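Working notes for the structure below.
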Amino acid sequence: MCLTCGCGDEENIRVTTLDPRAAEDGPSGPADHGHGHAHGHGHGHGHDHPDGHTHDHDAVGPDGLGEAAHTETLVLSERILAKNDRLAEHNRNWLRERNIPAVNLMSSPGSGKTSLLERTIAELTGTREVCVIEGDQETLFDAERIRTAGARAVQVNTGAGCHLDAPMVRDAIGALAPSEGSLLFIENVGNLVCPALFDVGEQVKVVVISVTEGDDKPLKYPHMFTAADLVVVNKTDLLPYVDFDIAKLHQQARSLKPDVEIIALSVRHGDNLDAWYAWLHAL
């Protein structure tokens, strides 16, 4: 279980490749300390213990659980995040050495992340290989959509988990085996909270929101929008039918991160997709 947000059970994490050639012919991925095997769950949640810690069972806190237990939980949580960050940097270095930009695509469910990827894959065909790591709690639905669009994909099912982390992405890269110079998308689990807290080894973070979600999301979910390098506002074709103020969203997002880039577009109609492709080409 993840001590940061309380979600997940690593025994239920599954990595599924929809292209057998990736697992047969590709490298093992960015292994940690030389262990290059891909496996269905990361090792580390709940197994590490701080060196030299003591259990003071007489120190009872106001919650009745004991001050020592509370302290141990905090230290263990910090160790889990530290291990995640170390593996994330390993992922990033592995990708950088192969000139593979990785885009961590985050949003709430239904914003249009997968639709944006489908259209991006179709319109970038012939210019650059696109590979995708799909994150969902269950099903292979989105990975199947990506494969139908023309890209290789690996599905990571997190079970009860609400985000991808660096060990999951390490294993998915090993299964996917992206080629040198390709563009890697990591479509995170639909959630505007926890994905912002976990570095997975990406080069950039992109947040997708739709105009149907409301223009107040930056201040409601500040960690997500502070982490973002780019905010994509999707479904602008619906602006005449919803109460959404793009100027207000710009103001809120840039009050959190003044230099964040914002692109408003419509995947369905193709409006302003050129700006999205130009941003990707600059990576």
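Labels used: A, B, ... for chains in the order of the structure tokens, numbers from 1 for residues in each chain, and numbers from 1 for ligands as shown.
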
Need the shell around Thr16 in chain A: protein/DNA/RNA residues with any atom at most 7 Å away, counting only C-alpha atoms. Skip same-chain ones fewer than 5 positions apart. Format as a ChimeraX atom specification?
/A:154-156

Store the residues of this selection in a file with C-alpha atoms, as an mmCIF file, in the first residue's frame.
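again02.cif, freshly written:
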```cif
data_model
loop_
_atom_site.group_PDB
_atom_site.id
_atom_site.type_symbol
_atom_site.label_atom_id
_atom_site.label_comp_id
_atom_site.auth_asym_id
_atom_site.auth_seq_id
_atom_site.Cartn_x
_atom_site.Cartn_y
_atom_site.Cartn_z
ATOM 1 C CA VAL A 154 1.693 -1.277 -22.908
ATOM 2 C CA GLN A 155 -1.155 -1.279 -20.398
ATOM 3 C CA VAL A 156 -0.396 -0.883 -16.695
#
```

Expected answer as JSON, numbers by chain: strand (DSSP E) residues in range 198-241 of chain A
{"A": [204, 205, 206, 207, 208, 209, 210, 230, 231, 232, 233, 234]}

Could you check which of A:Asn188, A:Leu183, A:Leu280, A:Ile246 is closest to Arg96 in chain A, using only C-alpha atoms?
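Ranked by minimum distance to Arg96 in chain A, first place goes to A:Leu183.
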
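Shortest atom-to-atom contact with Arg152 in chain A among A:Asp171, A:Glu138, A:Glu129, A:Glu97: A:Glu129, counting only C-alpha atoms.
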
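Non-sequential neighbours of range 80-88 of chain A (distance at most 6 Å, separation of 3 or more positions within a chain, only C-alpha atoms) are Ser77, Asn91, Ala166, Asp199, Val200 and Gly201 of chain A.
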
Would you compute the distance between CA of Pro222 in chain A and CA of Cys7 in chain A? Give it in Å to one decimal.
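Separation between CA of Pro222 in chain A and CA of Cys7 in chain A: 20.5 Å.
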
For CA of Ile100 in chain A and CA of Pro178 in chain A, quote the distance in Å rounded to one decimal.
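Pair CA of Ile100 in chain A / CA of Pro178 in chain A returns 7.9 Å.
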
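Note that CA of Ile209 in chain A and CA of Ala228 in chain A are 11.9 Å apart.
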
So that I can check the surroundings of Val242 in chain A, please list as a PyMOL selection string every protein, DNA and RNA residue that reaches within 12 Å of it, counting only C-alpha atoms and ignoring chain neighbours fewer than 4 positions away.
chain A and resi 210-215+235-238+246

Pick from A:Ser107, A:Asn99, A:Asn12, A:Asn157 nearest to Val193 in chain A, counting only C-alpha atoms
A:Ser107

Taking only C-alpha atoms into account, name the residue in A:Leu230, A:Leu219, A:Leu192, A:Ala282 that is nearest to Lys205 in chain A.
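Residue with the minimum atom-to-atom distance to Lys205 in chain A: A:Leu230.
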
Which residues, written as a PyMOL selection string, have at least one atom at most 8 Å from Val132 in chain A, with only C-alpha atoms counted and residues fewer than 6 positions away on the same chain left out?
chain A and resi 143+146+151-154+184-187

Just list the residues in range 54-262 of chain A DSSP gives alpha helix (DSSP H) on the backbone, as a PyMOL selection string.
chain A and resi 67-97+113-124+141-149+166-176+217-220+222-227+246-256

Would you write out those residues with C-alpha atoms, as an mmCIF file, in the first residue's frame?
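After the write, result_2.cif holds the following:
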```
data_model
loop_
_atom_site.group_PDB
_atom_site.id
_atom_site.type_symbol
_atom_site.label_atom_id
_atom_site.label_comp_id
_atom_site.auth_asym_id
_atom_site.auth_seq_id
_atom_site.Cartn_x
_atom_site.Cartn_y
_atom_site.Cartn_z
ATOM 1 C CA GLU A 67 3.840 8.810 18.902
ATOM 2 C CA ALA A 68 6.477 6.299 17.815
ATOM 3 C CA ALA A 69 4.130 4.629 15.327
ATOM 4 C CA HIS A 70 3.277 8.019 13.840
ATOM 5 C CA THR A 71 6.961 8.905 13.475
ATOM 6 C CA GLU A 72 7.763 5.583 11.847
ATOM 7 C CA THR A 73 4.969 6.062 9.310
ATOM 8 C CA LEU A 74 6.313 9.473 8.325
ATOM 9 C CA VAL A 75 9.859 8.171 7.901
ATOM 10 C CA LEU A 76 8.704 5.158 5.914
ATOM 11 C CA SER A 77 6.646 7.392 3.633
ATOM 12 C CA GLU A 78 9.702 9.576 3.022
ATOM 13 C CA ARG A 79 11.764 6.489 2.193
ATOM 14 C CA ILE A 80 9.154 5.285 -0.299
ATOM 15 C CA LEU A 81 9.131 8.656 -2.060
ATOM 16 C CA ALA A 82 12.933 8.758 -2.016
ATOM 17 C CA LYS A 83 13.117 5.334 -3.662
ATOM 18 C CA ASN A 84 10.524 6.410 -6.233
ATOM 19 C CA ASP A 85 12.517 9.549 -7.042
ATOM 20 C CA ARG A 86 15.730 7.552 -7.404
ATOM 21 C CA LEU A 87 14.079 5.137 -9.834
ATOM 22 C CA ALA A 88 12.474 8.037 -11.689
ATOM 23 C CA GLU A 89 15.879 9.609 -12.257
ATOM 24 C CA HIS A 90 17.141 6.245 -13.490
ATOM 25 C CA ASN A 91 14.217 6.090 -15.951
ATOM 26 C CA ARG A 92 14.911 9.643 -17.093
ATOM 27 C CA ASN A 93 18.600 8.979 -17.699
ATOM 28 C CA TRP A 94 17.829 5.792 -19.637
ATOM 29 C CA LEU A 95 15.399 7.675 -21.872
ATOM 30 C CA ARG A 96 17.696 10.679 -22.278
ATOM 31 C CA GLU A 97 20.574 8.475 -23.414
ATOM 32 C CA LYS A 113 -6.422 12.331 -23.021
ATOM 33 C CA THR A 114 -6.799 9.133 -25.024
ATOM 34 C CA SER A 115 -8.631 10.898 -27.851
ATOM 35 C CA LEU A 116 -5.807 13.449 -28.013
ATOM 36 C CA LEU A 117 -3.290 10.612 -28.239
ATOM 37 C CA GLU A 118 -5.268 8.826 -30.950
ATOM 38 C CA ARG A 119 -5.327 11.915 -33.140
ATOM 39 C CA THR A 120 -1.691 12.730 -32.377
ATOM 40 C CA ILE A 121 -0.600 9.225 -33.386
ATOM 41 C CA ALA A 122 -2.574 9.388 -36.624
ATOM 42 C CA GLU A 123 -1.215 12.797 -37.609
ATOM 43 C CA LEU A 124 2.412 12.169 -36.608
ATOM 44 C CA PHE A 141 -9.574 -0.539 -23.341
ATOM 45 C CA ASP A 142 -7.273 2.453 -23.816
ATOM 46 C CA ALA A 143 -4.247 0.406 -24.882
ATOM 47 C CA GLU A 144 -6.413 -1.276 -27.515
ATOM 48 C CA ARG A 145 -7.494 2.158 -28.758
ATOM 49 C CA ILE A 146 -3.862 3.256 -29.003
ATOM 50 C CA ARG A 147 -2.864 0.128 -30.902
ATOM 51 C CA THR A 148 -5.781 0.614 -33.317
ATOM 52 C CA ALA A 149 -4.586 4.183 -33.893
ATOM 53 C CA ALA A 166 8.518 5.096 -11.238
ATOM 54 C CA PRO A 167 8.777 1.295 -10.682
ATOM 55 C CA MET A 168 5.625 0.704 -12.755
ATOM 56 C CA VAL A 169 6.951 2.887 -15.559
ATOM 57 C CA ARG A 170 10.356 1.178 -15.394
ATOM 58 C CA ASP A 171 8.685 -2.207 -15.952
ATOM 59 C CA ALA A 172 6.439 -0.816 -18.691
ATOM 60 C CA ILE A 173 9.436 0.656 -20.541
ATOM 61 C CA GLY A 174 11.108 -2.741 -20.375
ATOM 62 C CA ALA A 175 8.031 -4.377 -21.898
ATOM 63 C CA LEU A 176 7.480 -1.648 -24.498
ATOM 64 C CA LYS A 217 -9.593 23.558 -11.491
ATOM 65 C CA PRO A 218 -6.154 25.224 -11.028
ATOM 66 C CA LEU A 219 -6.990 26.610 -7.595
ATOM 67 C CA LYS A 220 -8.883 23.456 -6.577
ATOM 68 C CA PRO A 222 -2.897 23.464 -7.111
ATOM 69 C CA HIS A 223 -0.285 20.704 -6.867
ATOM 70 C CA MET A 224 -1.240 19.375 -10.296
ATOM 71 C CA PHE A 225 -1.157 22.756 -12.001
ATOM 72 C CA THR A 226 2.028 23.832 -10.240
ATOM 73 C CA ALA A 227 3.731 20.667 -11.514
ATOM 74 C CA ILE A 246 -10.593 30.702 -20.577
ATOM 75 C CA ALA A 247 -9.192 34.044 -19.372
ATOM 76 C CA LYS A 248 -10.050 33.060 -15.795
ATOM 77 C CA LEU A 249 -8.300 29.711 -16.200
ATOM 78 C CA HIS A 250 -5.208 31.456 -17.599
ATOM 79 C CA GLN A 251 -5.136 33.816 -14.625
ATOM 80 C CA GLN A 252 -5.511 31.053 -12.062
ATOM 81 C CA ALA A 253 -2.975 28.722 -13.677
ATOM 82 C CA ARG A 254 -0.363 31.466 -13.999
ATOM 83 C CA SER A 255 -0.934 32.645 -10.442
ATOM 84 C CA LEU A 256 0.419 29.221 -9.461
#
```
